[in-house]
>>> print(open('upload_28.tsv').read())   # TSV, C-alpha atoms
chain	number	residue	atom	x	y	z
E	1212	MET	CA	224.15	130.29	270.49
E	1213	LYS	CA	221.83	127.79	272.12
E	1214	ALA	CA	224.77	126.06	273.80
E	1215	ASN	CA	226.03	129.35	275.25
E	1216	GLN	CA	222.75	130.80	276.48
E	1217	ALA	CA	223.72	130.09	280.09
E	1218	CYS	CA	226.80	132.30	279.71
E	1219	TYR	CA	225.70	135.08	277.36
E	1220	ARG	CA	222.50	136.95	276.66
E	1221	VAL	CA	220.81	136.13	273.37
E	1222	ALA	CA	220.72	139.82	272.41
E	1223	VAL	CA	224.48	140.12	272.85
E	1224	MET	CA	225.22	136.98	270.81
E	1225	CYS	CA	222.88	138.09	268.03
E	1226	ARG	CA	224.63	141.45	267.88
E	1227	VAL	CA	228.09	139.87	267.77
E	1228	LEU	CA	227.08	137.33	265.12
E	1229	GLU	CA	225.07	139.93	263.20
E	1230	VAL	CA	221.80	137.98	263.16
E	1231	SER	CA	218.36	139.14	264.20
E	1232	ARG	CA	216.73	137.88	267.36
E	1233	SER	CA	213.55	137.08	265.47
E	1234	GLY	CA	215.56	135.06	262.93
E	1235	TYR	CA	217.26	133.12	265.70
E	1236	TYR	CA	213.98	132.25	267.45
E	1237	ALA	CA	212.43	131.29	264.12
E	1238	TRP	CA	215.39	128.95	263.51
E	1239	LEU	CA	214.82	127.32	266.89
E	1240	LYS	CA	211.23	126.44	265.97
E	1241	ARG	CA	212.07	125.31	262.45
E	1242	GLU	CA	211.93	121.61	261.68
E	1243	PRO	CA	215.27	119.97	260.68
E	1244	SER	CA	215.76	119.81	256.94
E	1245	ALA	CA	215.32	116.55	255.04
E	1246	ARG	CA	219.08	116.38	254.60
E	1247	ALA	CA	219.67	116.81	258.33
E	1248	LYS	CA	217.15	114.06	259.12
E	1249	ALA	CA	218.77	111.76	256.56
E	1250	ASN	CA	222.22	112.43	258.05
E	1251	ALA	CA	220.89	111.71	261.53
E	1252	ALA	CA	219.50	108.35	260.38
E	1253	LEU	CA	222.75	107.59	258.55
E	1254	LEU	CA	224.79	108.44	261.64
E	1255	GLU	CA	222.66	106.12	263.76
E	1256	ALA	CA	223.31	103.24	261.32
E	1257	ILE	CA	227.01	104.09	261.16
E	1258	GLU	CA	227.35	104.13	264.95
E	1259	GLU	CA	225.67	100.72	265.18
E	1260	ILE	CA	228.10	99.19	262.66
E	1261	HIS	CA	231.06	100.96	264.27
E	1262	ASP	CA	230.12	99.62	267.73
E	1263	GLU	CA	229.63	96.08	266.39
E	1264	SER	CA	233.16	96.17	264.99
E	1265	ASP	CA	234.55	97.17	268.42
E	1266	LYS	CA	235.19	100.61	266.94
E	1267	THR	CA	237.70	99.24	264.42
E	1268	TYR	CA	235.86	99.88	261.13
E	1269	GLY	CA	236.74	102.95	259.10
E	1270	ALA	CA	234.66	104.57	256.37
E	1271	PRO	CA	235.36	101.93	253.65
E	1272	ARG	CA	234.24	99.00	255.81
E	1273	VAL	CA	231.27	100.88	257.23
E	1274	HIS	CA	230.25	101.82	253.69
E	1275	ALA	CA	230.48	98.16	252.62
E	1276	GLU	CA	228.18	97.15	255.48
E	1277	LEU	CA	225.72	99.90	254.60
E	1278	GLU	CA	225.59	98.57	251.04
E	1279	GLU	CA	224.02	95.41	252.48
E	1280	ARG	CA	221.99	96.86	255.34
E	1281	GLY	CA	221.13	100.39	254.29
E	1282	PRO	CA	220.59	103.26	254.31
E	1283	GLN	CA	222.46	103.79	251.05
E	1284	ALA	CA	225.10	106.51	250.95
E	1285	SER	CA	228.25	107.26	249.02
E	1286	LEU	CA	231.64	106.54	250.54
E	1287	ASN	CA	232.47	110.25	250.65
E	1288	ARG	CA	229.27	111.00	252.55
E	1289	VAL	CA	229.90	108.19	255.02
E	1290	ALA	CA	233.43	109.50	255.59
E	1291	ARG	CA	232.14	113.04	256.07
E	1292	VAL	CA	229.46	112.01	258.58
E	1293	MET	CA	231.96	109.89	260.51
E	1294	LYS	CA	234.49	112.72	260.62
E	1295	THR	CA	231.85	115.17	261.91
E	1296	ALA	CA	230.84	112.68	264.61
E	1297	GLY	CA	234.46	111.95	265.54
E	1298	LEU	CA	234.28	108.28	264.54
E	1299	LYS	CA	237.49	106.67	263.32
E	1300	GLY	CA	238.63	103.21	262.36
E	1301	VAL	CA	241.77	101.43	263.48
E	1302	SER	CA	244.57	101.53	260.92
E	1303	PRO	CA	246.14	98.15	260.09
E	1304	ARG	CA	249.30	97.54	262.06
E	1305	LYS	CA	252.51	97.64	260.15
E	1306	TRP	CA	254.23	94.28	260.08
E	1307	ALA	CA	257.61	94.30	261.73
E	1308	HIS	CA	260.24	91.86	260.52
E	1309	THR	CA	262.44	90.51	263.26
E	1310	THR	CA	265.05	88.08	261.98
E	1311	VAL	CA	265.44	87.28	258.31
E	1312	ARG	CA	267.38	84.25	257.14
E	1313	ASP	CA	270.59	85.09	255.32
E	1314	GLU	CA	270.72	82.70	252.38
E	1315	LYS	CA	274.44	83.36	251.91
E	1316	ALA	CA	275.39	82.44	255.48
E	1317	ARG	CA	276.35	78.84	256.25
E	1318	PRO	CA	274.02	77.51	258.99
E	1319	ALA	CA	275.67	76.29	262.17
E	1320	PRO	CA	275.26	72.56	262.96
E	1321	ASP	CA	271.85	71.77	264.42
E	1322	LEU	CA	272.65	70.15	267.78
E	1323	VAL	CA	268.97	69.90	268.75
E	1324	ASP	CA	267.33	68.40	265.64
E	1325	ARG	CA	263.84	69.42	266.81
E	1326	HIS	CA	264.29	67.43	270.04
E	1327	PHE	CA	263.51	70.17	272.54
E	1328	VAL	CA	263.94	68.11	275.68
E	1329	ALA	CA	266.22	68.62	278.66
E	1330	THR	CA	266.64	66.51	281.81
E	1331	GLY	CA	267.82	69.38	283.98
E	1332	PRO	CA	268.33	73.15	284.10
E	1333	ASP	CA	270.78	74.99	281.82
E	1334	GLN	CA	271.25	72.13	279.38
E	1335	LEU	CA	269.31	73.64	276.48
E	1336	TRP	CA	268.35	77.25	275.94
E	1337	VAL	CA	266.20	78.50	273.08
E	1338	ALA	CA	266.10	82.09	271.89
E	1339	ASP	CA	263.86	84.27	269.79
E	1340	ILE	CA	262.94	87.88	269.05
E	1341	THR	CA	259.48	89.42	268.98
E	1342	TYR	CA	258.16	92.95	268.77
E	1343	VAL	CA	255.76	95.10	270.76
E	1344	PRO	CA	253.87	97.83	268.85
E	1345	THR	CA	253.67	101.14	270.73
E	1346	TRP	CA	252.45	104.62	269.84
E	1347	ALA	CA	256.07	105.66	269.39
E	1348	GLY	CA	256.96	102.73	267.11
E	1349	PHE	CA	258.07	99.14	267.49
E	1350	LEU	CA	259.95	97.92	270.55
E	1351	TYR	CA	261.91	94.70	270.03
E	1352	LEU	CA	262.23	92.02	272.70
E	1353	ALA	CA	264.90	89.29	272.67
E	1354	ILE	CA	264.53	86.40	275.11
E	1355	VAL	CA	266.45	83.30	276.17
E	1356	LEU	CA	264.34	80.48	277.62
E	1357	ASP	CA	265.52	77.45	279.56
E	1358	VAL	CA	263.78	74.41	278.03
E	1359	TRP	CA	263.77	72.39	281.26
E	1360	SER	CA	262.16	75.00	283.54
E	1361	ARG	CA	260.40	77.08	280.85
E	1362	ARG	CA	261.82	80.10	282.63
E	1363	ILE	CA	263.04	83.21	280.84
E	1364	VAL	CA	266.65	83.33	281.96
E	1365	GLY	CA	267.71	86.34	279.88
E	1366	TRP	CA	266.01	89.17	278.06
E	1367	ALA	CA	266.68	92.54	276.49
E	1368	MET	CA	264.59	95.28	274.86
E	1369	ALA	CA	265.57	97.93	272.34
E	1370	THR	CA	264.22	100.05	269.50
E	1371	HIS	CA	266.50	98.31	267.00
E	1372	LEU	CA	267.40	94.81	265.76
E	1373	ARG	CA	271.16	95.12	265.88
E	1374	THR	CA	273.49	92.45	267.21
E	1375	GLU	CA	273.73	93.94	270.69
E	1376	LEU	CA	270.02	93.30	271.34
E	1377	VAL	CA	270.52	89.53	271.03
E	1378	LEU	CA	273.83	89.56	272.86
E	1379	ASP	CA	272.42	91.58	275.76
E	1380	ALA	CA	269.80	88.89	276.34
E	1381	LEU	CA	272.46	86.18	276.08
E	1382	ASP	CA	274.82	88.05	278.42
E	1383	MET	CA	272.05	88.39	281.01
E	1384	ALA	CA	271.32	84.66	280.85
E	1385	VAL	CA	274.99	83.73	281.24
E	1386	ALA	CA	275.54	86.19	284.10
E	1387	ARG	CA	272.48	84.95	285.99
E	1388	ARG	CA	272.82	81.21	285.42
E	1389	ARG	CA	276.58	80.60	285.03
E	1390	PRO	CA	275.90	77.54	282.82
E	1391	ARG	CA	278.28	74.68	282.02
E	1392	GLY	CA	277.90	72.94	278.68
E	1393	VAL	CA	274.63	74.59	277.69
E	1394	ILE	CA	273.39	74.57	274.07
E	1395	HIS	CA	271.99	77.90	272.90
E	1396	HIS	CA	269.55	77.31	270.03
E	1397	SER	CA	267.90	79.97	267.88
E	1398	ASP	CA	266.16	79.93	264.51
E	1399	GLN	CA	267.93	80.58	261.23
E	1400	GLY	CA	267.23	84.28	261.26
E	1401	CYS	CA	270.37	86.34	260.88
E	1402	GLN	CA	271.34	89.40	262.90
E	1403	PRO	CA	274.38	91.22	261.50
E	1404	ARG	CA	277.53	89.68	263.04
E	1405	PHE	CA	275.48	87.66	265.57
E	1406	LYS	CA	277.07	84.33	264.74
E	1407	GLY	CA	280.59	85.62	265.01
E	1408	SER	CA	279.92	87.79	268.03
E	1409	SER	CA	278.32	84.98	270.03
E	1410	GLN	CA	281.21	82.59	269.39
E	1411	ARG	CA	283.56	84.92	271.26
E	1412	MET	CA	281.80	83.98	274.50
E	1413	ARG	CA	283.14	80.46	274.28
E	1414	PHE	CA	286.57	81.81	275.25
E	1415	ASP	CA	285.48	84.51	277.66
E	1416	GLY	CA	287.42	83.80	280.83
E	1417	SER	CA	284.80	85.50	282.99
E	1418	LEU	CA	282.39	82.64	282.24
E	1419	GLY	CA	284.45	80.00	284.03
E	1420	SER	CA	284.25	76.65	282.24
E	1421	PRO	CA	283.88	76.73	278.45
E	1422	VAL	CA	280.32	77.07	277.26
E	1423	SER	CA	279.11	75.27	274.13
E	1424	TRP	CA	277.10	77.62	271.91
E	1425	MET	CA	275.06	76.55	268.91
E	1426	VAL	CA	273.84	79.60	267.01
E	1427	ARG	CA	272.11	78.93	263.74
E	1428	GLY	CA	272.01	81.80	261.28
>>> encode(input="upload_28.tsv", output="structure tokens")
Amino acid sequence: MKANQACYRVAVMCRVLEVSRSGYYAWLKREPSARAKANAALLEAIEEIHDESDKTYGAPRVHAELEERGPQASLNRVARVMKTAGLKGVSPRKWAHTTVRDEKARPAPDLVDRHFVATGPDQLWVADITYVPTWAGFLYLAIVLDVWSRRIVGWAMATHLRTELVLDALDMAVARRRPRGVIHHSDQGCQPRFKGSSQRMRFDGSLGSPVSWMVRG
């Protein structure tokens, strides 16, 4: 009622809410209850802890901090006060697996042997997949990097980890750079059919001279 006094007359609100005007004015002058004062002090402590955590702590962590600092309160009460005040923690991010090594697959020969050095462009490419968390779910990013220039020469994004994600990045790199004799090196993660699918590009006539691919996985 107090918040709406500028819009509605007190007498009208009292009639609608079926309370007496004298009771309403008496309530305005009444001191907050001991419980209300305690909740106000608890909320102040909660907000301080919540701000210190960059607004990441939820009720369990806030409660743990209050156990050391005070004031003391049960976890349920802390959760209730936080909910009333609109304070929330940040849920832990789900871990997204990108590539997983296939123990049954025979690894391709390692033509690099941890020697990631190139004397010119398009001699050695390295590839990997990462993920970007979004509100709608995970978005996966595949990239191909030229070791000599440290430039991303091919990339692709998708909402899945199927073979075409990796091949789209590889196709972009080949189309843009038109390499001759490049080694394409990735980790031993295994995308379904990636090894077999990438080998087909060795004989793709649209690429010009044969390209040497080394795909581990």
>>> residues_near_point(input="upload_28.tsv", point="(271.9, 73.5, 275.3)", cutoff="6 Å", atoms="all atoms listed in the file", output="list in words")
Gln1334, Leu1335, Trp1336, Val1393, Ile1394 and His1395 of chain E
>>> atom_distance(input="upload_28.tsv", atom1="CA of Glu1259 (chain E)", atom2="CA of Leu1277 (chain E)")
10.6 Å
>>> residues_around(input="upload_28.tsv", residues="Ile1257 (chain E)", least_positions_apart="3", cutoff="9 Å", atoms="all atoms listed in the file", output="mmCIF file with C-alpha atoms, keeping the file's coordinate frame")
data_model
loop_
_atom_site.group_PDB
_atom_site.id
_atom_site.type_symbol
_atom_site.label_atom_id
_atom_site.label_comp_id
_atom_site.auth_asym_id
_atom_site.auth_seq_id
_atom_site.Cartn_x
_atom_site.Cartn_y
_atom_site.Cartn_z
ATOM 1 C CA ALA E 1252 219.500 108.350 260.380
ATOM 2 C CA LEU E 1253 222.750 107.590 258.550
ATOM 3 C CA LEU E 1254 224.790 108.440 261.640
ATOM 4 C CA ILE E 1260 228.100 99.190 262.660
ATOM 5 C CA HIS E 1261 231.060 100.960 264.270
ATOM 6 C CA ASP E 1262 230.120 99.620 267.730
ATOM 7 C CA VAL E 1273 231.270 100.880 257.230
ATOM 8 C CA HIS E 1274 230.250 101.820 253.690
ATOM 9 C CA LEU E 1277 225.720 99.900 254.600
ATOM 10 C CA VAL E 1289 229.900 108.190 255.020
ATOM 11 C CA VAL E 1292 229.460 112.010 258.580
ATOM 12 C CA MET E 1293 231.960 109.890 260.510
#
>>> atom_distance(input="upload_28.tsv", atom1="CA of Ala1296 (chain E)", atom2="CA of Ala1270 (chain E)")
12.2 Å
>>> atom_distance(input="upload_28.tsv", atom1="CA of Val1343 (chain E)", atom2="CA of Ser1397 (chain E)")
19.6 Å
>>> closest_residue(input="upload_28.tsv", among="E:Leu1376, E:Ala1275, E:Leu1286, E:Met1212", to="Arg1232 (chain E)", atoms="all atoms listed in the file")
E:Met1212
>>> closest_residue(input="upload_28.tsv", among="E:Gly1348, E:Gly1269, E:Gly1281, E:Gly1331", to="Val1301 (chain E)", atoms="all atoms listed in the file")
E:Gly1269
>>> closest_residue(input="upload_28.tsv", among="E:Asp1382, E:Glu1242, E:Glu1229, E:Asp1321", to="Ile1354 (chain E)", atoms="only C-alpha atoms")
E:Asp1382
>>> closest_residue(input="upload_28.tsv", among="E:Val1328, E:Ala1249, E:Val1227, E:Met1383", to="Ser1360 (chain E)", atoms="all atoms listed in the file")
E:Val1328
>>> closest_residue(input="upload_28.tsv", among="E:Pro1390, E:Thr1374, E:His1396, E:Ser1233", to="Leu1356 (chain E)", atoms="all atoms listed in the file")
E:His1396
>>> closest_residue(input="upload_28.tsv", among="E:Leu1352, E:Pro1271, E:Ser1264, E:Tyr1219", to="Asn1287 (chain E)", atoms="only C-alpha atoms")
E:Pro1271
